[in-house]
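Text of work07.cif, listed as mmCIF, C-alpha atoms and all ligand atoms:
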```
data_query
#
loop_
_atom_site.label_atom_id
_atom_site.label_comp_id
_atom_site.auth_asym_id
_atom_site.auth_seq_id
_atom_site.Cartn_x
_atom_site.Cartn_y
_atom_site.Cartn_z
CA GLY A 160 0.46 7.01 -20.02
CA ARG A 161 0.87 9.10 -16.92
CA VAL A 162 1.06 8.31 -13.22
CA THR A 163 0.55 11.05 -10.65
CA VAL A 164 2.08 10.60 -7.22
CA VAL A 165 0.51 13.01 -4.75
CA GLY A 166 2.83 13.85 -1.88
CA ALA A 167 6.51 14.23 -2.72
CA GLY A 168 7.55 13.30 0.79
CA ASN A 169 9.59 10.27 1.71
CA VAL A 170 7.18 7.63 0.45
CA GLY A 171 6.10 9.55 -2.65
CA MET A 172 9.62 10.26 -3.83
CA ILE A 173 10.69 6.62 -3.56
CA ALA A 174 7.54 5.46 -5.36
CA ALA A 175 8.12 8.04 -8.11
CA MET A 176 11.77 7.09 -8.52
CA ARG A 177 10.96 3.41 -8.75
CA LEU A 178 8.16 4.02 -11.26
CA ALA A 179 10.46 6.18 -13.38
CA GLU A 180 13.19 3.57 -13.18
CA SER A 181 10.79 0.85 -14.33
CA ASP A 182 10.47 2.77 -17.64
CA LEU A 183 6.87 1.61 -18.12
CA ILE A 184 5.30 5.05 -18.14
CA ASP A 185 5.66 8.16 -20.33
CA GLU A 186 5.45 10.55 -17.42
CA VAL A 187 5.47 10.48 -13.63
CA VAL A 188 4.21 13.65 -11.99
CA LEU A 189 4.88 14.47 -8.35
CA VAL A 190 2.46 16.81 -6.59
CA ASP A 191 3.25 18.50 -3.28
CA ILE A 192 1.74 21.47 -1.52
CA ALA A 193 5.09 22.37 0.04
CA GLY A 194 6.63 25.12 -2.11
CA GLN A 195 8.85 23.84 -4.89
CA ARG A 196 9.54 20.51 -3.21
CA ALA A 197 7.90 18.35 -5.88
CA ALA A 198 9.73 20.22 -8.64
CA GLY A 199 13.02 19.75 -6.81
CA ILE A 200 12.54 16.03 -6.22
CA ALA A 201 11.36 15.55 -9.81
CA LEU A 202 14.41 17.35 -11.20
CA ASP A 203 16.70 15.30 -8.97
CA ILE A 204 15.10 12.02 -10.11
CA SER A 205 15.29 13.07 -13.76
CA HIS A 206 19.01 13.75 -13.33
CA ALA A 207 19.38 10.04 -12.58
CA SER A 208 17.80 8.96 -15.88
CA PRO A 209 21.16 8.36 -17.63
CA LEU A 210 22.46 6.48 -14.59
CA LEU A 211 19.43 4.21 -14.41
CA GLY A 212 18.74 4.22 -18.14
CA PHE A 213 15.10 5.31 -18.14
CA SER A 214 13.24 7.67 -20.47
CA THR A 215 10.20 8.35 -18.28
CA ARG A 216 9.77 12.11 -17.85
CA VAL A 217 9.46 13.28 -14.24
CA ARG A 218 7.72 16.56 -13.43
CA GLY A 219 6.85 18.24 -10.13
CA VAL A 220 3.88 20.55 -9.51
CA THR A 221 1.85 21.88 -6.58
CA THR A 222 -1.69 20.82 -7.54
CA VAL A 223 -3.35 17.70 -8.88
CA ALA A 224 -4.96 19.80 -11.62
CA GLU A 225 -1.55 20.85 -12.98
CA ALA A 226 -0.46 17.21 -13.06
CA GLY A 227 -3.08 16.52 -15.72
CA ARG A 228 -5.13 13.50 -16.68
CA SER A 229 -3.54 10.31 -15.39
CA GLU A 230 -4.23 6.57 -15.53
CA TYR A 231 -3.09 6.05 -11.95
CA VAL A 232 -3.06 8.42 -8.99
CA VAL A 233 -1.06 7.36 -5.95
CA ILE A 234 -1.99 9.29 -2.80
CA THR A 235 0.82 9.55 -0.25
CA ALA A 236 0.07 13.07 0.95
CA GLY A 237 -0.55 13.70 4.61
CA ARG A 238 1.17 13.57 7.94
CA ALA A 239 3.34 10.59 8.88
CA ARG A 240 3.74 9.14 12.34
CA THR A 241 6.21 10.46 14.87
CA PRO A 242 7.46 8.38 17.83
CA GLY A 243 4.66 7.48 20.23
CA MET A 244 1.91 8.16 17.68
CA SER A 245 -0.33 5.40 16.44
CA ARG A 246 -1.52 5.38 12.85
CA SER A 247 -5.01 6.31 14.01
CA ASP A 248 -3.77 9.52 15.67
CA LEU A 249 -3.49 10.85 12.13
CA VAL A 250 -7.05 10.13 11.17
CA ASP A 251 -8.79 13.51 11.13
CA THR A 252 -5.93 15.50 9.64
CA ASN A 253 -5.28 12.99 6.91
CA ALA A 254 -8.96 12.36 6.11
CA ALA A 255 -9.34 16.05 5.24
CA ILE A 256 -6.23 15.98 3.05
CA VAL A 257 -7.04 12.67 1.34
CA GLY A 258 -10.68 13.66 0.79
CA ALA A 259 -9.79 16.94 -0.90
CA LEU A 260 -7.08 15.37 -3.05
CA THR A 261 -9.38 12.52 -4.10
CA ALA A 262 -12.00 15.00 -5.28
CA ASP A 263 -9.32 16.87 -7.23
CA ALA A 264 -8.00 13.63 -8.74
CA VAL A 265 -11.42 12.45 -9.91
CA ALA A 266 -12.15 15.87 -11.42
CA VAL A 267 -8.99 15.75 -13.56
CA SER A 268 -8.82 11.99 -14.13
CA PRO A 269 -12.30 10.48 -14.02
CA ASP A 270 -11.00 7.17 -15.43
CA ALA A 271 -8.05 6.78 -13.08
CA VAL A 272 -7.32 4.07 -10.57
CA LEU A 273 -6.58 5.56 -7.14
CA LEU A 274 -3.98 3.87 -4.98
CA VAL A 275 -4.16 5.11 -1.39
CA VAL A 276 -1.03 4.97 0.78
CA THR A 277 -1.73 7.62 3.43
CA ASN A 278 -2.36 6.33 6.97
CA PRO A 279 -4.40 5.18 8.72
CA LEU A 280 -4.54 3.13 5.56
CA ASP A 281 -7.75 1.16 5.93
CA GLU A 282 -9.82 4.18 6.88
CA MET A 283 -8.20 6.45 4.28
CA THR A 284 -8.87 3.95 1.49
CA GLN A 285 -12.55 3.65 2.29
CA HIS A 286 -12.81 7.41 2.81
CA ALA A 287 -11.23 8.06 -0.59
CA TRP A 288 -13.64 5.62 -2.21
CA GLN A 289 -16.62 7.35 -0.61
CA VAL A 290 -15.48 10.78 -1.72
CA SER A 291 -14.54 9.56 -5.21
CA GLY A 292 -17.87 8.15 -6.34
CA LEU A 293 -15.82 5.57 -8.28
CA PRO A 294 -16.52 1.84 -8.42
CA THR A 295 -14.66 0.02 -5.62
CA GLU A 296 -12.44 -1.74 -8.21
CA ARG A 297 -10.77 1.60 -8.92
CA VAL A 298 -9.92 2.60 -5.34
CA ILE A 299 -7.35 0.35 -3.70
CA GLY A 300 -5.12 0.65 -0.63
CA MET A 301 -1.46 -0.28 -0.22
CA ALA A 302 -0.62 -2.17 2.96
CA GLY A 303 -0.48 -5.90 2.34
CA VAL A 304 2.33 -5.74 -0.22
CA LEU A 305 4.46 -3.97 2.38
CA ASP A 306 3.43 -6.08 5.37
CA SER A 307 3.89 -9.32 3.39
CA SER A 308 7.34 -8.14 2.30
CA ARG A 309 8.29 -7.33 5.88
CA PHE A 310 7.23 -10.79 7.05
CA ARG A 311 9.05 -12.49 4.17
CA ALA A 312 12.22 -10.49 4.83
CA LEU A 313 12.22 -11.27 8.55
CA THR A 314 11.36 -14.94 7.98
CA ALA A 315 14.10 -15.36 5.37
CA LEU A 316 16.66 -14.01 7.83
CA ALA A 317 15.40 -16.24 10.64
CA ALA A 318 15.32 -19.34 8.44
CA ASP A 319 18.62 -18.45 6.74
CA THR A 320 17.13 -18.62 3.27
CA SER A 321 16.43 -16.24 0.39
CA PRO A 322 13.37 -13.95 0.62
CA ARG A 323 12.37 -15.40 -2.74
CA GLN A 324 11.98 -18.76 -1.01
CA VAL A 325 9.39 -17.35 1.39
CA SER A 326 5.80 -16.89 0.27
CA ALA A 327 3.27 -15.17 2.56
CA PHE A 328 0.29 -12.81 2.51
CA ALA A 329 -0.45 -10.20 5.17
CA LEU A 330 -4.20 -9.59 5.22
CA GLY A 331 -6.78 -7.84 7.41
CA SER A 332 -5.89 -4.37 8.60
CA HIS A 333 -2.69 -2.34 8.37
CA GLY A 334 -2.24 -2.36 12.12
CA ASP A 335 -3.26 -4.36 15.15
CA GLU A 336 -5.69 -6.60 13.25
CA MET A 337 -3.14 -7.60 10.65
CA VAL A 338 -3.77 -11.26 9.85
CA LEU A 339 -0.85 -13.41 8.70
CA PRO A 340 -2.40 -16.75 7.77
CA LEU A 341 0.39 -19.22 8.56
CA SER A 342 -1.49 -21.97 6.71
CA GLN A 343 -0.57 -20.11 3.51
CA VAL A 344 3.10 -19.48 4.31
CA THR A 345 5.76 -21.55 2.60
CA VAL A 346 9.49 -21.51 3.30
CA ASP A 347 11.77 -23.36 0.88
CA GLY A 348 8.67 -24.98 -0.60
CA GLY A 349 7.33 -26.44 2.67
CA PRO A 350 5.24 -25.27 5.63
CA ILE A 351 6.94 -22.69 7.84
CA THR A 352 6.82 -25.10 10.81
CA GLU A 353 9.33 -27.32 9.00
CA SER A 354 11.84 -24.47 8.96
CA LEU A 355 11.23 -22.68 12.25
CA PRO A 356 9.89 -23.56 15.73
CA ALA A 357 6.35 -22.32 16.47
CA SER A 358 7.51 -19.90 19.18
CA GLU A 359 9.87 -18.21 16.74
CA VAL A 360 7.14 -17.98 14.09
CA ASP A 361 4.85 -16.15 16.54
CA GLY A 362 7.67 -13.72 17.23
CA LEU A 363 8.07 -13.05 13.50
CA VAL A 364 4.36 -12.33 13.13
CA ASP A 365 4.46 -9.90 16.07
CA ARG A 366 7.57 -8.21 14.76
CA THR A 367 5.96 -7.84 11.34
CA ARG A 368 2.87 -6.26 12.88
CA ASN A 369 5.11 -3.80 14.73
CA SER A 370 7.63 -3.21 11.93
CA GLY A 371 6.29 0.26 11.15
CA ALA A 372 6.66 1.32 14.78
CA GLU A 373 10.08 -0.34 14.96
CA VAL A 374 11.33 1.81 12.08
CA VAL A 375 9.67 4.96 13.49
CA GLY A 376 11.50 4.30 16.76
CA LEU A 377 14.88 4.04 15.03
CA LEU A 378 14.57 7.10 12.81
CA GLU A 379 15.19 10.57 14.22
CA SER A 380 12.10 11.77 12.39
CA GLY A 381 9.55 10.35 9.99
CA SER A 382 8.51 6.79 9.33
CA ALA A 383 9.47 3.99 6.96
CA PHE A 384 9.67 4.92 3.29
CA PHE A 385 11.90 2.65 1.21
CA ALA A 386 9.80 -0.51 1.48
CA PRO A 387 6.51 1.49 1.50
CA GLY A 388 7.43 3.53 -1.59
CA LEU A 389 8.60 0.42 -3.43
CA SER A 390 5.41 -1.42 -2.44
CA ALA A 391 3.24 1.31 -3.94
CA ALA A 392 5.31 1.30 -7.14
CA ARG A 393 5.06 -2.49 -7.29
CA MET A 394 1.27 -2.30 -7.24
CA VAL A 395 1.17 0.27 -10.04
CA SER A 396 3.56 -1.84 -12.15
CA ALA A 397 1.46 -4.94 -11.52
CA MET A 398 -1.57 -3.07 -12.88
CA ILE A 399 0.19 -1.62 -15.92
CA ARG A 400 2.00 -4.82 -16.82
CA GLU A 401 -0.97 -7.00 -15.86
CA THR A 402 1.40 -9.48 -14.25
CA GLY A 403 -1.48 -11.50 -12.79
CA GLU A 404 0.58 -12.12 -9.65
CA VAL A 405 -1.33 -12.52 -6.39
CA LEU A 406 -0.68 -9.55 -4.11
CA ALA A 407 -2.27 -8.52 -0.83
CA ALA A 408 -4.19 -5.26 -1.16
CA THR A 409 -6.86 -3.31 0.69
CA VAL A 410 -10.04 -3.78 -1.33
CA ALA A 411 -13.82 -4.01 -0.96
CA PRO A 412 -15.05 -7.64 -1.01
CA ARG A 413 -18.53 -8.58 -2.20
CA GLY A 414 -19.00 -11.74 -0.20
CA GLU A 415 -15.51 -13.22 -0.63
CA TYR A 416 -14.34 -14.69 2.70
CA GLY A 417 -17.89 -14.07 3.92
CA ILE A 418 -17.28 -10.28 4.00
CA ARG A 419 -19.83 -8.12 2.24
CA SER A 420 -19.05 -4.51 3.05
CA GLY A 421 -16.18 -2.15 3.73
CA TYR A 422 -12.49 -2.34 2.88
CA VAL A 423 -10.05 -4.96 4.19
CA GLY A 424 -6.72 -6.48 3.14
CA LEU A 425 -7.19 -9.54 0.90
CA PRO A 426 -5.21 -11.49 -1.72
CA VAL A 427 -6.00 -10.10 -5.17
CA ARG A 428 -5.00 -9.96 -8.79
CA LEU A 429 -4.68 -6.46 -10.18
CA GLY A 430 -5.30 -5.39 -13.75
CA ARG A 431 -5.14 -2.20 -15.79
CA GLY A 432 -8.47 -1.11 -14.33
CA GLY A 433 -7.54 -1.75 -10.70
CA LEU A 434 -8.92 -4.74 -8.83
CA ALA A 435 -9.36 -7.64 -11.27
CA GLU A 436 -10.13 -10.46 -8.85
CA ILE A 437 -10.17 -11.32 -5.16
CA VAL A 438 -8.41 -14.66 -4.68
CA GLU A 439 -10.00 -16.99 -2.13
CA LEU A 440 -7.26 -18.89 -0.31
CA PRO A 441 -8.20 -21.95 1.77
CA LEU A 442 -7.77 -20.30 5.18
CA THR A 443 -8.29 -22.16 8.45
CA ASP A 444 -11.39 -21.40 10.53
CA VAL A 445 -9.34 -19.35 13.00
CA GLU A 446 -7.69 -17.34 10.22
CA LEU A 447 -11.07 -16.71 8.62
CA ARG A 448 -12.49 -15.56 11.96
CA ASP A 449 -9.55 -13.19 12.48
CA LEU A 450 -10.00 -11.78 8.98
CA ARG A 451 -13.70 -11.11 9.58
CA THR A 452 -12.88 -9.51 12.92
CA ALA A 453 -10.38 -7.24 11.16
CA ALA A 454 -13.06 -6.22 8.65
CA GLU A 455 -15.48 -5.45 11.50
CA ARG A 456 -12.92 -3.33 13.37
CA ILE A 457 -12.11 -1.36 10.23
CA ALA A 458 -15.83 -0.78 9.63
CA GLU A 459 -16.19 0.51 13.21
CA ARG A 460 -13.32 2.95 12.73
CA VAL A 461 -14.69 4.14 9.39
CA GLY A 462 -18.06 4.64 11.10
CA ALA A 463 -16.39 6.74 13.81
CA LEU A 464 -14.61 8.81 11.15
CA GLU A 465 -17.91 9.64 9.46
CA ALA A 466 -19.70 10.45 12.70
P1 LIG A 501 6.14 12.88 4.51
O1 LIG A 501 5.78 13.81 5.60
O2 LIG A 501 7.57 12.65 4.18
O3 LIG A 501 5.43 13.34 3.15
C1 LIG A 501 4.11 13.73 3.08
C2 LIG A 501 4.05 14.84 2.02
O4 LIG A 501 2.68 15.16 1.80
C3 LIG A 501 4.75 16.13 2.45
O5 LIG A 501 5.77 16.45 1.52
C4 LIG A 501 3.62 17.16 2.44
O6 LIG A 501 4.04 18.45 2.02
C5 LIG A 501 2.65 16.54 1.46
N1 LIG A 501 1.29 17.06 1.58
C6 LIG A 501 0.55 17.30 2.68
N2 LIG A 501 -0.65 17.79 2.36
C7 LIG A 501 -0.69 17.86 1.00
C8 LIG A 501 -1.66 18.29 0.06
N3 LIG A 501 -2.85 18.71 0.46
N4 LIG A 501 -1.35 18.22 -1.26
C9 LIG A 501 -0.14 17.77 -1.66
N5 LIG A 501 0.81 17.35 -0.81
C10 LIG A 501 0.55 17.40 0.50
O7 LIG A 501 5.43 11.50 4.85
P2 LIG A 501 5.77 10.06 4.24
O8 LIG A 501 6.77 9.39 5.08
O9 LIG A 501 6.01 10.20 2.79
O10 LIG A 501 4.37 9.31 4.49
C11 LIG A 501 3.24 9.69 3.72
C12 LIG A 501 2.00 8.96 4.24
O11 LIG A 501 2.11 7.57 3.95
C13 LIG A 501 1.78 9.07 5.74
O12 LIG A 501 0.41 9.20 6.02
C14 LIG A 501 2.29 7.74 6.24
O13 LIG A 501 1.74 7.39 7.50
C15 LIG A 501 1.82 6.84 5.13
N6 LIG A 501 2.48 5.55 5.05
C16 LIG A 501 1.70 4.48 4.72
C17 LIG A 501 2.23 3.22 4.60
C18 LIG A 501 1.35 2.08 4.22
O14 LIG A 501 1.75 0.93 4.37
N7 LIG A 501 0.17 2.31 3.71
C19 LIG A 501 3.66 2.99 4.87
C20 LIG A 501 4.40 4.19 5.14
C21 LIG A 501 3.81 5.42 5.24
#
```
Kindly present the structure from the file in structure tokens form.
Ligand code: NAI
Amino acid sequence: GRVTVVGAGNVGMIAAMRLAESDLIDEVVLVDIAGQRAAGIALDISHASPLLGFSTRVRGVTTVAEAGRSEYVVITAGRARTPGMSRSDLVDTNAAIVGALTADAVAVSPDAVLLVVTNPLDEMTQHAWQVSGLPTERVIGMAGVLDSSRFRALTALAADTSPRQVSAFALGSHGDEMVLPLSQVTVDGGPITESLPASEVDGLVDRTRNSGAEVVGLLESGSAFFAPGLSAARMVSAMIRETGEVLAATVAPRGEYGIRSGYVGLPVRLGRGGLAEIVELPLTDVELRDLRTAAERIAERVGALEA
């Protein structure tokens, strides 16, 4: 099979490298509008195939059409944040880019699953779905895998344990209405409150919510890309390998958690055809309320984008 990664910028190149390295796919194609950039990145990644021991071919082109029919299309093209910018400052520019690329992707690969990464993530995912005409199962956004990983990494450091010993799901929006249901967090097999004081836990949640901005502030230019690129690759691998693991992803619920319309971050199982199942975790009333509020805020922003 083939995976197309649109946007050979920071996030796209890491996602492509990781997918190539996983050796699950015949071909990974990078697409970038910027000159020969995608070809250059693709050649560079392919030079690492003996080092990493993969046989996946990596190719770089300038249009989605040249990439050819693909099972999965990962959309990372667009502008990234610069210091002082919020994710939503990017909305109009990136909606035009994501909309056009989605139409191109569906024309070449009518059976593909689209994985949207471009920010503002929640709005771009729903926008891509609307443009695509595809069933919602086949248009998914990447945010929760990254945000959950950030929380787990920070919590593991604070609790002096391994990240593998921390389980957590970041739901809601990729931004201010991120919901981190603490009722579902375990550290070393027990509730987080057994490992860390409540005040420290609140600090970890806040730091997770602001992790993107924290990285933007530290970098001279650009925004986070290692964990984001790896998160996108992880989602594609979970679909191809049908791991059945529960991951947080931006999807369209049909009544799960009492939410009936729009896209929002929820725990899911992915399959070869995209969204296989939304997993209903036993959230507390407050967590459920926050999740529904997140869904409403996303719907408002999507409404403003269409207006
Ligand atoms: P980047 O600026 O390094 O790369 C973006 C690439 O897209 C550039 O190479 C550019 O030439 C290309 N591009 C622009 N328009 C295009 C078009 N029409 N066709 C093909 N390629 C096109 O940015 P980076 O750091 O890779 O971020 C990409 C996007 O991902 C940004 O919107 C960023 O905010 C978002 N992002 C989302 C995350 C998430 O959790 N969902 C996490 C990190 C970044």
Check every protein, DNA and RNA residue against ligand LIG 501 (chain A), keep those with an atom at most 8 Å away (counting only C-alpha atoms and all ligand atoms), and present them as an MDAnalysis selection string.
-> chainID A and resid 165:172 190:193 196:197 221:223 235:240 246 249 253 256:257 259:260 275:280 300:303 305:306 333 371 381:384 386:388
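Comparing the minimum interatomic distances between Val188 (chain A) and each of A:Ser245, A:Ser420, A:Ser370, A:Thr163, counting all atoms listed in the file, we find that A:Thr163 sits nearest.
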Would you kindly return, as a VMD selection string, each protein, DNA or RNA residue with an atom no farther than 9 Å from any atom of Gln343 (chain A), considering only C-alpha atoms and excluding same-chain residues fewer than 2 positions away?
-> chain A and resid 326 to 328 339 to 341 345 350 440 to 442
Between CA of Thr452 (chain A) and CA of Gly349 (chain A) - distance in Å to one decimal = 28.3 Å
Place a sphere of radius 10 Å on (-1.0, 14.1, -19.0) in the file coordinates and name every protein, DNA or RNA residue with an atom inside or on its surface, counting all atoms listed in the file; give the answer as a PyMOL selection string.
-> chain A and resi 160-163+185-188+225-230+267-268
Which one of A:Ala392, A:Ala372, A:Val298, A:Ala174 sits closest to Leu434 (chain A) if you count only C-alpha atoms?
->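 Of A:Ala392, A:Ala372, A:Val298, A:Ala174, the one nearest Leu434 (chain A), counting only C-alpha atoms, is A:Val298.
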Between CA of Ser396 (chain A) and CA of Leu178 (chain A), measure the distance and give it in Å to one decimal.
->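 Atom-to-atom, CA of Ser396 (chain A) and CA of Leu178 (chain A) are spaced 7.5 Å apart.
For Gly212 (chain A), the list of residues within 10 Å, based on only C-alpha atoms and with local chain neighbours fewer than 4 positions off taken out, reads Ala179, Glu180, Ser181, Asp182, Ala207 and Ser208 of chain A.
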Residue completion, region 331-345 of chain A, N, CA and C atoms, as a PDB file, keeping the file's coordinate frame:
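Final output, saved to selection-v1.pdb:
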```
ATOM      1  N   GLY A 331      -6.102  -8.533   6.311  1.00  0.00           N
ATOM      2  CA  GLY A 331      -6.780  -7.840   7.410  1.00  0.00           C
ATOM      3  C   GLY A 331      -6.494  -6.354   7.389  1.00  0.00           C
ATOM      4  N   SER A 332      -6.126  -5.811   8.537  1.00  0.00           N
ATOM      5  CA  SER A 332      -5.890  -4.370   8.600  1.00  0.00           C
ATOM      6  C   SER A 332      -4.401  -4.073   8.572  1.00  0.00           C
ATOM      7  N   HIS A 333      -4.082  -2.801   8.285  1.00  0.00           N
ATOM      8  CA  HIS A 333      -2.690  -2.340   8.370  1.00  0.00           C
ATOM      9  C   HIS A 333      -2.501  -1.828   9.785  1.00  0.00           C
ATOM     10  N   GLY A 334      -2.332  -2.769  10.724  1.00  0.00           N
ATOM     11  CA  GLY A 334      -2.240  -2.360  12.120  1.00  0.00           C
ATOM     12  C   GLY A 334      -2.474  -3.558  13.015  1.00  0.00           C
ATOM     13  N   ASP A 335      -3.133  -3.312  14.121  1.00  0.00           N
ATOM     14  CA  ASP A 335      -3.260  -4.360  15.150  1.00  0.00           C
ATOM     15  C   ASP A 335      -3.995  -5.591  14.650  1.00  0.00           C
ATOM     16  N   GLU A 336      -4.957  -5.422  13.745  1.00  0.00           N
ATOM     17  CA  GLU A 336      -5.690  -6.600  13.250  1.00  0.00           C
ATOM     18  C   GLU A 336      -5.109  -7.123  11.949  1.00  0.00           C
ATOM     19  N   MET A 337      -3.808  -6.945  11.790  1.00  0.00           N
ATOM     20  CA  MET A 337      -3.140  -7.600  10.650  1.00  0.00           C
ATOM     21  C   MET A 337      -3.259  -9.110  10.840  1.00  0.00           C
ATOM     22  N   VAL A 338      -3.622  -9.805   9.771  1.00  0.00           N
ATOM     23  CA  VAL A 338      -3.770 -11.260   9.850  1.00  0.00           C
ATOM     24  C   VAL A 338      -2.729 -11.892   8.929  1.00  0.00           C
ATOM     25  N   LEU A 339      -1.869 -12.729   9.507  1.00  0.00           N
ATOM     26  CA  LEU A 339      -0.850 -13.410   8.700  1.00  0.00           C
ATOM     27  C   LEU A 339      -1.168 -14.897   8.689  1.00  0.00           C
ATOM     28  N   PRO A 340      -1.974 -15.352   7.745  1.00  0.00           N
ATOM     29  CA  PRO A 340      -2.400 -16.750   7.770  1.00  0.00           C
ATOM     30  C   PRO A 340      -1.222 -17.708   7.548  1.00  0.00           C
ATOM     31  N   LEU A 341      -0.805 -18.354   8.635  1.00  0.00           N
ATOM     32  CA  LEU A 341       0.390 -19.220   8.560  1.00  0.00           C
ATOM     33  C   LEU A 341       0.125 -20.451   7.715  1.00  0.00           C
ATOM     34  N   SER A 342      -1.161 -20.815   7.562  1.00  0.00           N
ATOM     35  CA  SER A 342      -1.490 -21.970   6.710  1.00  0.00           C
ATOM     36  C   SER A 342      -1.060 -21.734   5.270  1.00  0.00           C
ATOM     37  N   GLN A 343      -0.894 -20.454   4.895  1.00  0.00           N
ATOM     38  CA  GLN A 343      -0.570 -20.110   3.510  1.00  0.00           C
ATOM     39  C   GLN A 343       0.909 -19.784   3.310  1.00  0.00           C
ATOM     40  N   VAL A 344       1.683 -19.845   4.401  1.00  0.00           N
ATOM     41  CA  VAL A 344       3.100 -19.480   4.310  1.00  0.00           C
ATOM     42  C   VAL A 344       3.918 -20.694   3.878  1.00  0.00           C
ATOM     43  N   THR A 345       4.793 -20.488   2.911  1.00  0.00           N
ATOM     44  CA  THR A 345       5.760 -21.550   2.600  1.00  0.00           C
ATOM     45  C   THR A 345       7.174 -20.997   2.697  1.00  0.00           C
TER      46      THR A 345
END
```
